[in-house]
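Novice: Could you have a look at this structure, given as structure tokens, before my questions?
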Amino acid sequence: MRKVMKRKVGSQIVASILVNSIYAMINYPVVLINTLLAPLAILAVVTFASKGTLLPVAAVGALIMNMVSSGTSLQQDLSHLKNDMRLQDMIVSSPTSSLVYVIGMAISEIVYSIPTIAFLIILNVIFVKVTLIGGVVLFLDMATIFTFSISLGFFLSTFTSDIIQSWGFSGILSPLLTTIPPVYYPITYIPFPYRYLAYLSPTTYASEIAQSQTGFYNLSASGFAIAWIVLLGITAALTFLALRRSRWREI
Amino acid sequence: MRLRTQELSKTYDKKFPALDNLNLDLNMNGIFSIIGRNGAGKTTLVRILSTELLPTSGKGFLNDMDVVDDAEEVRQYIAVVPQEARPLPWLTPLQTVSSYLMWRGYSYRESKEKAKEALRELGLEGKEGQKSRKLSGGQKRKLMVATVISSEAPVVFLDEPTTGLDYISRKELWQLLSRMKKDRLIILTTHYLEEAETLGDQIMILDKGKLVDIGGIDDLRSKVRLPYVLKVYSQNFKIEEEGVQVQKISDRETFVYGSASKIYGIIPYLVTNKMKFTVEEASLSNIFEQYLGTGEDEKSDEEESW
Ligand SMILES: Nc1ncnc2c1ncn2[C@@H]1O[C@H](COP(=O)(O)OP(=O)(O)O)[C@@H](O)[C@H]1O
Ligand SMILES: [Mg+2]
């Protein structure tokens with residue numbers, strides 16, 4: 001049999017990034033601002049409605065929303081490439097493994113939203129006051145919620161068999177995870193007993209952690225620890241589940 | 001390349017089997033053509049062999065690699081164009097082919113070069129930089145084929161690559177496949193029987209998930225009851241002969257299917273009556289109809305084996 005290529009994981013990951021974000025951005029530059037509009041719209045509403053006082057909260061919230069959107073976009077993109085274009089079947093039967101494909105696609109979602117992230121980071125640098133350690137905490141917080149949403153997106157994409165289902169998932173997830181929970185406003189604004197409901201969303205914990213660093217929420221050391229434990233726990237469980245589900249082949 | 005299946009079966013949703021105890025042992029290079037009606041199980045077989053779908057029972061092998069247990073290894077050797085695959089509309093043909101090659105492990109530069117070469121080969125070089133959504137249906141199909149053909153994969157699965165193409169585009173693709181089949185095994189499903197006849201070095205007839213027969217076109221022809229066609233062009237031709245099948249094409253045109261001896265028995269009559277005629281070997285579509293029946297069954301001649 002003919003000589004077989006050596007697998008180059010780097011090439012394989014770059015291929016996903018090129019296809020799912022860079023080529024899309026080059027060929028249709030309008031997508032460069034695609035991911036910016038939703039976070040910016042809510043940020044504007046919250047800022048004006050609070051007469052500017054909640055701008056720092058909303059600026060961090062917009063970053064959290066962007067991380068969650070990466071996951072819902074991943075879910076939509078994977079579903080689309082699998083069900084409508086049959087691209088996934090071509091990848092399944094190629095030397096690229098499922099994990100490498102999904103990692104490449106996940107990175108591509110970040111690349112896709114680089115303009116948005118850049119804009120939001122500038123906004124944060126200008127309007128949000130944090131200590132150096134606070135900055136590191138925010139970064140880890142964002143990375144965790146990104147991992148959470150990417151795993152969720154991948155997990156859901158393995159269930160979808162058509163585009164309507166896939167729109168359904170993301171249409172539900174986005175408000176449930178970002179608009180309704182206290183991402184753009186402090187959790188203290190929710191009266192009891194409704195506040196307990198907010199804790200059903202993992203983004204609430206991410207938001208608590210972020211708001212504790214920006215001075216909008218007073219979180220005790222134990223509260224801080226609990227928020228991290230819950231957030232990391234949910235993320236780890238979901239990632240595990242997603243990897244288990246990453247069954248490449250149909251049965 | 002050797003392709004084998006042992007009692008390979010697939011049942012979706014616990015209903016009737018889409019593949020039913022398929023046993024196959026094929027050692028060849030060139031084009032292996034799988035024909036069968038819609039729903040015969042062609043796609044199911046291709047998807048199992050190309051490691052996309054798990055069988056319900058039985059085994060499949062590429063050389064000595066099990067398509068289930070050694071899937072990772074099998075994937076180093078195969079490339080697939082699924083039945084409904086389409087190029088991503090937001091990519092250009094060059095980006096489409098080169099990114100696929102990168103997924104196969106080529107570097108960025110190598111991929112670009114090989115992609116350009118493949119597109120040139122297919123006559124798509126003028127289109128390589130415009131978005132794929134602007135391509136015609138035929139060009140899109142060619143692009144998908146170019147994508148896998150440009151890779152090094154020694155085994156290529158093409159699931160109905162020419163369905164819906166116009167005649168000229170189909171012929172162009174045939175030429176490409178004939179050129180590309182050297183040193184490769186190309187597994188090609190189609191319901192264009194002319195295509196399977198032209199391209200297939202080996203042809204497999206699949207029906208309701210079962211293997212009906214497999215062989216070169218001449219093997220298959222030698223096994224059917226009516227391997228010859230006598231085409232008579234005359235208004236006055238009438239025939240009442242046992243053991244042949246008569247098909248009235250038009251007022252002036254009658255086809256008679258039969259064995260060599262039956263057909264040659266009719267010729268003196270035609271010569272005496274100065275009727276125009278030709279004798280041809282049955283085409284794959286004639287053979288296919290004889291294997292599967294045309295609906296009007298010929299159960300009367302059960303002693304004749306086919
Ligand atoms: N994903 C599926 N779920 C349920 N039934 C299926 C699925 N795919 C194919 N089938 C059934 O299996 C049979 C064989 O289908 P298929 O392999 O696609 O045939 P072909 O490619 O020869 O047209 C058909 O009866 C079809 O309805
Ligand atoms: Mg099919």
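Following the order of the structure tokens, first chain is A, next is B, and so on, with residues numbered from 1 inside each chain and ligands from 1 in the order they appear.
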Show me which residues sit within 7 Å of ligand 2 when counting only C-alpha atoms and all ligand atoms, and put them as a PyMOL selection string.
Specialist: chain B and resi 38-39+41-43+83+159-160
Novice: For Ile209 of chain A, please output as JSON, numbers by chain all residues within 10 Å (counting only C-alpha atoms; exclusion window: fewer than 3 positions along the same chain).
Specialist: {"A": [134, 137, 138, 141, 203, 204, 205, 206, 212, 213, 214, 217, 218, 219, 223, 224, 225, 226, 227, 228, 231]}
Novice: Tell me the residues of chain B close to chain A, meaning within 7 Å using only C-alpha atoms, as a JSON list (two decimals) with N, CA, C and O atoms, in the first residue's frame.
Specialist:
[["chain", "number", "residue", "atom", "x", "y", "z"],
["B", 50, "SER", "N", -16.34, 3.25, 5.26],
["B", 50, "SER", "CA", -15.51, 4.44, 5.40],
["B", 50, "SER", "C", -15.51, 4.95, 6.85],
["B", 50, "SER", "O", -15.22, 6.11, 7.11],
["B", 51, "THR", "N", -15.85, 4.09, 7.78],
["B", 51, "THR", "CA", -15.76, 4.33, 9.23],
["B", 51, "THR", "C", -16.66, 5.46, 9.74],
["B", 51, "THR", "O", -16.39, 6.04, 10.77],
["B", 52, "GLU", "N", -17.74, 5.76, 9.02],
["B", 52, "GLU", "CA", -18.63, 6.81, 9.51],
["B", 52, "GLU", "C", -19.80, 6.24, 10.30],
["B", 52, "GLU", "O", -20.45, 6.96, 11.05],
["B", 53, "LEU", "N", -20.09, 4.98, 10.06],
["B", 53, "LEU", "CA", -21.29, 4.37, 10.63],
["B", 53, "LEU", "C", -20.90, 3.00, 11.17],
["B", 53, "LEU", "O", -20.11, 2.29, 10.56],
["B", 54, "LEU", "N", -21.49, 2.65, 12.32],
["B", 54, "LEU", "CA", -21.19, 1.33, 12.88],
["B", 54, "LEU", "C", -22.17, 0.29, 12.34],
["B", 54, "LEU", "O", -23.36, 0.57, 12.23],
["B", 75, "ARG", "N", -8.51, 5.28, 8.53],
["B", 75, "ARG", "CA", -8.72, 6.67, 8.10],
["B", 75, "ARG", "C", -7.48, 7.32, 7.49],
["B", 75, "ARG", "O", -7.58, 8.36, 6.85],
["B", 76, "GLN", "N", -6.33, 6.71, 7.72],
["B", 76, "GLN", "CA", -5.12, 7.24, 7.08],
["B", 76, "GLN", "C", -5.14, 6.96, 5.58],
["B", 76, "GLN", "O", -4.44, 7.60, 4.81],
["B", 77, "TYR", "N", -5.92, 5.97, 5.18],
["B", 77, "TYR", "CA", -5.85, 5.49, 3.80],
["B", 77, "TYR", "C", -7.03, 5.89, 2.94],
["B", 77, "TYR", "O", -7.00, 5.72, 1.74],
["B", 78, "ILE", "N", -8.10, 6.35, 3.58],
["B", 78, "ILE", "CA", -9.32, 6.57, 2.79],
["B", 78, "ILE", "C", -9.68, 8.05, 2.68],
["B", 78, "ILE", "O", -9.25, 8.87, 3.48],
["B", 79, "ALA", "N", -10.44, 8.35, 1.64],
["B", 79, "ALA", "CA", -11.01, 9.69, 1.49],
["B", 79, "ALA", "C", -12.42, 9.49, 0.93],
["B", 79, "ALA", "O", -12.65, 8.58, 0.14],
["B", 80, "VAL", "N", -13.34, 10.35, 1.36],
["B", 80, "VAL", "CA", -14.75, 10.11, 1.06],
["B", 80, "VAL", "C", -15.45, 11.39, 0.58],
["B", 80, "VAL", "O", -15.23, 12.46, 1.15],
["B", 81, "VAL", "N", -16.27, 11.25, -0.44],
["B", 81, "VAL", "CA", -17.24, 12.30, -0.74],
["B", 81, "VAL", "C", -18.62, 11.72, -0.44],
["B", 81, "VAL", "O", -19.11, 10.88, -1.17],
["B", 82, "PRO", "N", -19.24, 12.14, 0.67],
["B", 82, "PRO", "CA", -20.56, 11.61, 1.01],
["B", 82, "PRO", "C", -21.60, 12.03, -0.04],
["B", 82, "PRO", "O", -21.38, 12.99, -0.78],
["B", 84, "GLU", "N", -24.42, 13.57, 0.02],
["B", 84, "GLU", "CA", -25.01, 14.91, -0.02],
["B", 84, "GLU", "C", -24.00, 16.02, 0.25],
["B", 84, "GLU", "O", -24.38, 17.15, 0.53],
["B", 85, "ALA", "N", -22.72, 15.70, 0.16],
["B", 85, "ALA", "CA", -21.71, 16.72, 0.46],
["B", 85, "ALA", "C", -21.73, 17.83, -0.58],
["B", 85, "ALA", "O", -21.92, 17.60, -1.76],
["B", 86, "ARG", "N", -21.57, 19.05, -0.10],
["B", 86, "ARG", "CA", -21.49, 20.20, -0.99],
["B", 86, "ARG", "C", -20.33, 21.07, -0.52],
["B", 86, "ARG", "O", -20.01, 21.09, 0.66],
["B", 88, "LEU", "N", -18.49, 24.26, 0.88],
["B", 88, "LEU", "CA", -18.96, 25.36, 1.71],
["B", 88, "LEU", "C", -19.05, 26.61, 0.85],
["B", 88, "LEU", "O", -18.08, 27.00, 0.21],
["B", 90, "TRP", "N", -19.07, 29.71, 1.36],
["B", 90, "TRP", "CA", -18.31, 30.92, 1.65],
["B", 90, "TRP", "C", -16.81, 30.74, 1.38],
["B", 90, "TRP", "O", -16.02, 31.64, 1.58],
["B", 91, "LEU", "N", -16.44, 29.53, 0.93],
["B", 91, "LEU", "CA", -15.04, 29.32, 0.57],
["B", 91, "LEU", "C", -14.87, 29.35, -0.95],
["B", 91, "LEU", "O", -15.81, 29.08, -1.69],
["B", 99, "SER", "N", -7.92, 23.32, 2.33],
["B", 99, "SER", "CA", -8.18, 23.07, 3.75],
["B", 99, "SER", "C", -8.44, 21.58, 3.99],
["B", 99, "SER", "O", -8.03, 21.04, 5.01],
["B", 102, "MET", "N", -5.20, 20.04, 4.34],
["B", 102, "MET", "CA", -4.60, 20.31, 5.65],
["B", 102, "MET", "C", -5.20, 19.40, 6.72],
["B", 102, "MET", "O", -4.50, 18.93, 7.61],
["B", 103, "TRP", "N", -6.50, 19.14, 6.63],
["B", 103, "TRP", "CA", -7.11, 18.18, 7.57],
["B", 103, "TRP", "C", -6.50, 16.80, 7.38],
["B", 103, "TRP", "O", -6.47, 15.99, 8.29],
["B", 104, "ARG", "N", -6.03, 16.53, 6.19],
["B", 104, "ARG", "CA", -5.38, 15.24, 5.97],
["B", 104, "ARG", "C", -3.93, 15.26, 6.43],
["B", 104, "ARG", "O", -3.27, 14.23, 6.39],
["B", 105, "GLY", "N", -3.43, 16.43, 6.81],
["B", 105, "GLY", "CA", -2.09, 16.48, 7.39],
["B", 105, "GLY", "C", -1.04, 17.17, 6.55],
["B", 105, "GLY", "O", 0.12, 17.25, 6.96],
["B", 106, "TYR", "N", -1.40, 17.69, 5.37],
["B", 106, "TYR", "CA", -0.42, 18.42, 4.58],
["B", 106, "TYR", "C", -0.18, 19.80, 5.18],
["B", 106, "TYR", "O", -1.06, 20.36, 5.82],
["B", 107, "SER", "N", 1.00, 20.35, 4.90],
["B", 107, "SER", "CA", 1.28, 21.70, 5.37],
["B", 107, "SER", "C", 0.49, 22.69, 4.52],
["B", 107, "SER", "O", -0.02, 22.35, 3.45],
["B", 108, "TYR", "N", 0.42, 23.94, 4.99],
["B", 108, "TYR", "CA", -0.33, 24.97, 4.30],
["B", 108, "TYR", "C", 0.18, 25.14, 2.87],
["B", 108, "TYR", "O", -0.59, 25.19, 1.91],
["B", 154, "PRO", "N", -5.15, 6.15, -0.99],
["B", 154, "PRO", "CA", -5.21, 5.09, -1.99],
["B", 154, "PRO", "C", -6.60, 4.47, -2.15],
["B", 154, "PRO", "O", -6.83, 3.75, -3.10]]
Novice: Please build the interface table for chain B against ligand 1 with a cut-off of 12 Å, listing for each qualifying residue the nearest atom pair and the distance in Å to one decimal; count only C-alpha atoms and all ligand atoms, order rows by chain and increasing number, and write it as a tab-separated table.
Specialist:
residue	atom	partner	partner_atom_place_in_ligand_line	distance
B:Ser9	CA	ligand 1	12 (O)	11.2
B:Lys10	CA	ligand 1	12 (O)	8.4
B:Thr11	CA	ligand 1	12 (O)	7.6
B:Tyr12	CA	ligand 1	4 (C)	4.8
B:Asp13	CA	ligand 1	4 (C)	6.0
B:Lys14	CA	ligand 1	4 (C)	9.0
B:Lys15	CA	ligand 1	5 (N)	8.3
B:Phe16	CA	ligand 1	25 (O)	7.9
B:Pro17	CA	ligand 1	12 (O)	7.2
B:Ala18	CA	ligand 1	13 (C)	4.3
B:Leu19	CA	ligand 1	14 (C)	7.2
B:Asp20	CA	ligand 1	14 (C)	10.5
B:Ile34	CA	ligand 1	22 (O)	8.9
B:Ile35	CA	ligand 1	22 (O)	7.8
B:Gly36	CA	ligand 1	22 (O)	6.0
B:Arg37	CA	ligand 1	22 (O)	6.0
B:Asn38	CA	ligand 1	23 (O)	3.7
B:Gly39	CA	ligand 1	19 (O)	3.4
B:Ala40	CA	ligand 1	22 (O)	3.8
B:Gly41	CA	ligand 1	17 (O)	3.2
B:Lys42	CA	ligand 1	22 (O)	3.7
B:Thr43	CA	ligand 1	21 (O)	3.6
B:Thr44	CA	ligand 1	17 (O)	3.7
B:Leu45	CA	ligand 1	17 (O)	6.5
B:Val46	CA	ligand 1	17 (O)	8.0
B:Arg47	CA	ligand 1	17 (O)	8.3
B:Ile48	CA	ligand 1	17 (O)	9.9
B:Glu52	CA	ligand 1	1 (N)	11.6
B:Leu53	CA	ligand 1	1 (N)	9.5
B:Leu54	CA	ligand 1	1 (N)	11.4
B:Pro55	CA	ligand 1	17 (O)	11.9
B:Pro82	CA	ligand 1	21 (O)	10.3
B:Gln83	CA	ligand 1	21 (O)	8.0
B:Glu84	CA	ligand 1	21 (O)	10.7
B:Leu158	CA	ligand 1	21 (O)	11.4
B:Asp159	CA	ligand 1	21 (O)	7.8
B:Glu160	CA	ligand 1	21 (O)	8.3
B:Pro161	CA	ligand 1	21 (O)	11.9
B:Thr163	CA	ligand 1	23 (O)	11.7
B:Leu188	CA	ligand 1	21 (O)	11.3
B:Thr189	CA	ligand 1	21 (O)	8.0
B:Thr190	CA	ligand 1	22 (O)	8.7
B:His191	CA	ligand 1	22 (O)	8.7
B:Met204	CA	ligand 1	22 (O)	11.9
B:Ile205	CA	ligand 1	22 (O)	10.3
B:Leu206	CA	ligand 1	22 (O)	7.8
B:Asp207	CA	ligand 1	22 (O)	8.1
B:Lys208	CA	ligand 1	14 (C)	7.4
B:Gly209	CA	ligand 1	14 (C)	7.0
B:Lys210	CA	ligand 1	14 (C)	10.7
B:Leu211	CA	ligand 1	22 (O)	11.8
Novice: Applying 7 Å and only C-alpha atoms, which residues near Asn124 of chain A remain after dropping the ones on its own chain fewer than 3 positions away? List them as number ranges by chain.
Specialist: A: 59-60, 120-121, 127-128
Novice: Would you pick out the contacts of segment 132-136 of chain B at 6 Å or less, using only C-alpha atoms, so that residues sharing its chain but fewer than 6 positions from it are not included, and give the list as a list of chain:residue names?
Specialist: B:Pro89, B:Leu91, B:Thr92, B:Pro93
Novice: With distances taken over only C-alpha atoms, which residue among A:Val125, A:Ile190, A:Val68, A:Val230 lies nearest Gly153 of chain A?
Specialist: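 Among the listed residues, A:Val68 lies closest to Gly153 of chain A.
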Novice: Calculated over only C-alpha atoms, which of the candidates A:Gln211, A:Ser149, A:Gln75, A:Ser174 has the smallest distance to Gly61 of chain A?
Specialist: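 Under the stated criterion, the closest residue is A:Gln211.
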Novice: Between B:Gly58, B:Pro87, B:Gly129, B:Gly138, which one has atoms that come closest to Gln6 of chain B, using only C-alpha atoms?
Specialist: B:Gly58
Novice: To one decimal place, how far is atom CA of Phe154 of chain A from atom CA of Ala242 of chain A in Å?
Specialist: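 Here the two named atoms are 6.5 Å from each other.
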Novice: Could you please write out, as a ChimeraX atom specification, every residue of segment 10-189 of chain B that DSSP assigns to strand (DSSP E or B)?
Specialist: /B:10,19-27,30-35,53,57-62,65-66,78-81,155-159,185-189
Novice: For Arg170 of chain B, please output as a PyMOL selection string all residues within 12 Å (counting only C-alpha atoms; exclusion window: fewer than 3 positions along the same chain).
Specialist: chain B and resi 137-139+141-142+145+160-167+173-177+190+192+194-196+198-199
Novice: Using the selection just defined, write its residues with N, CA, C and O atoms as a tab-separated table (two decimals), in the first residue's frame.
Specialist:
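Okay, this is what ended up in out_37.tsv:
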chain	number	residue	atom	x	y	z
B	137	GLY	N	-23.97	23.52	-10.61
B	137	GLY	CA	-24.12	22.25	-9.89
B	137	GLY	C	-23.02	21.27	-10.27
B	137	GLY	O	-22.45	20.60	-9.42
B	138	GLY	N	-22.73	21.20	-11.57
B	138	GLY	CA	-21.71	20.28	-12.04
B	138	GLY	C	-20.33	20.65	-11.52
B	138	GLY	O	-19.56	19.79	-11.10
B	139	GLN	N	-20.06	21.95	-11.52
B	139	GLN	CA	-18.75	22.39	-11.02
B	139	GLN	C	-18.60	22.09	-9.53
B	139	GLN	O	-17.52	21.74	-9.06
B	141	ARG	N	-19.95	19.58	-7.90
B	141	ARG	CA	-19.66	18.15	-7.78
B	141	ARG	C	-18.21	17.85	-8.11
B	141	ARG	O	-17.53	17.09	-7.43
B	142	LYS	N	-17.76	18.46	-9.21
B	142	LYS	CA	-16.37	18.25	-9.60
B	142	LYS	C	-15.43	18.71	-8.51
B	142	LYS	O	-14.42	18.09	-8.23
B	145	VAL	N	-15.15	16.15	-5.86
B	145	VAL	CA	-14.32	15.03	-6.28
B	145	VAL	C	-12.84	15.46	-6.30
B	145	VAL	O	-11.96	14.73	-5.83
B	160	GLU	N	-22.50	8.38	-5.25
B	160	GLU	CA	-23.29	9.03	-6.29
B	160	GLU	C	-22.73	10.40	-6.66
B	160	GLU	O	-23.44	11.41	-6.58
B	161	PRO	N	-21.49	10.44	-7.11
B	161	PRO	CA	-20.88	11.76	-7.39
B	161	PRO	C	-21.47	12.45	-8.61
B	161	PRO	O	-21.32	13.65	-8.76
B	162	THR	N	-22.14	11.70	-9.49
B	162	THR	CA	-22.60	12.33	-10.73
B	162	THR	C	-24.11	12.53	-10.78
B	162	THR	O	-24.62	13.02	-11.78
B	163	THR	N	-24.80	12.19	-9.68
B	163	THR	CA	-26.26	12.33	-9.71
B	163	THR	C	-26.64	13.79	-9.95
B	163	THR	O	-26.13	14.69	-9.30
B	164	GLY	N	-27.51	13.99	-10.92
B	164	GLY	CA	-27.98	15.34	-11.20
B	164	GLY	C	-27.09	16.12	-12.15
B	164	GLY	O	-27.41	17.26	-12.49
B	165	LEU	N	-26.00	15.54	-12.59
B	165	LEU	CA	-25.14	16.26	-13.53
B	165	LEU	C	-25.66	16.07	-14.95
B	165	LEU	O	-26.23	15.05	-15.29
B	166	ASP	N	-25.40	17.08	-15.79
B	166	ASP	CA	-25.77	16.90	-17.19
B	166	ASP	C	-24.78	15.93	-17.83
B	166	ASP	O	-23.74	15.60	-17.27
B	167	TYR	N	-25.15	15.48	-19.03
B	167	TYR	CA	-24.40	14.41	-19.67
B	167	TYR	C	-22.93	14.77	-19.88
B	167	TYR	O	-22.04	13.97	-19.62
B	173	LEU	N	-16.36	14.03	-15.73
B	173	LEU	CA	-16.00	13.41	-14.47
B	173	LEU	C	-15.52	11.96	-14.69
B	173	LEU	O	-14.58	11.50	-14.04
B	174	TRP	N	-16.15	11.30	-15.64
B	174	TRP	CA	-15.73	9.93	-15.95
B	174	TRP	C	-14.28	9.92	-16.41
B	174	TRP	O	-13.50	9.06	-16.01
B	175	GLN	N	-13.96	10.88	-17.28
B	175	GLN	CA	-12.58	10.94	-17.78
B	175	GLN	C	-11.61	11.14	-16.62
B	175	GLN	O	-10.57	10.50	-16.54
B	176	LEU	N	-12.00	12.03	-15.72
B	176	LEU	CA	-11.14	12.29	-14.58
B	176	LEU	C	-10.94	11.01	-13.76
B	176	LEU	O	-9.82	10.65	-13.40
B	177	LEU	N	-12.05	10.31	-13.49
B	177	LEU	CA	-11.96	9.11	-12.67
B	177	LEU	C	-11.11	8.04	-13.36
B	177	LEU	O	-10.33	7.34	-12.71
B	190	THR	N	-23.58	4.48	-7.90
B	190	THR	CA	-24.28	5.26	-8.91
B	190	THR	C	-25.59	4.58	-9.22
B	190	THR	O	-25.75	3.38	-8.98
B	192	TYR	N	-26.70	5.50	-12.35
B	192	TYR	CA	-26.58	5.55	-13.80
B	192	TYR	C	-25.85	4.29	-14.25
B	192	TYR	O	-24.66	4.14	-14.03
B	194	GLU	N	-25.14	3.19	-17.14
B	194	GLU	CA	-24.16	3.42	-18.20
B	194	GLU	C	-22.80	3.79	-17.58
B	194	GLU	O	-21.74	3.40	-18.06
B	195	GLU	N	-22.89	4.54	-16.49
B	195	GLU	CA	-21.68	4.95	-15.80
B	195	GLU	C	-20.95	3.75	-15.21
B	195	GLU	O	-19.74	3.60	-15.37
B	196	ALA	N	-21.72	2.90	-14.53
B	196	ALA	CA	-21.11	1.72	-13.93
B	196	ALA	C	-20.51	0.83	-15.02
B	196	ALA	O	-19.44	0.24	-14.85
B	198	THR	N	-19.39	1.79	-18.01
B	198	THR	CA	-18.22	2.43	-18.60
B	198	THR	C	-17.02	2.36	-17.66
B	198	THR	O	-15.90	2.10	-18.08
B	199	LEU	N	-17.28	2.64	-16.38
B	199	LEU	CA	-16.16	2.83	-15.46
B	199	LEU	C	-15.80	1.59	-14.64
B	199	LEU	O	-14.65	1.40	-14.28
Novice: Please provide as an MDAnalysis selection string all residues within 10 Å of Ala44 of chain A, with the sequence filter that same-chain residues fewer than 4 positions apart are discarded (counting only C-alpha atoms).
Specialist: chainID A and resid 39:40 48:50 52 55 58:59
Novice: Select, from A:Met142, A:Ile114, A:Ala62, A:Ile126, the residue with the minimum atom-to-atom distance to Ile33 of chain A, counting only C-alpha atoms.
Specialist: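 So, comparing all the options, the nearest one is A:Ile114.
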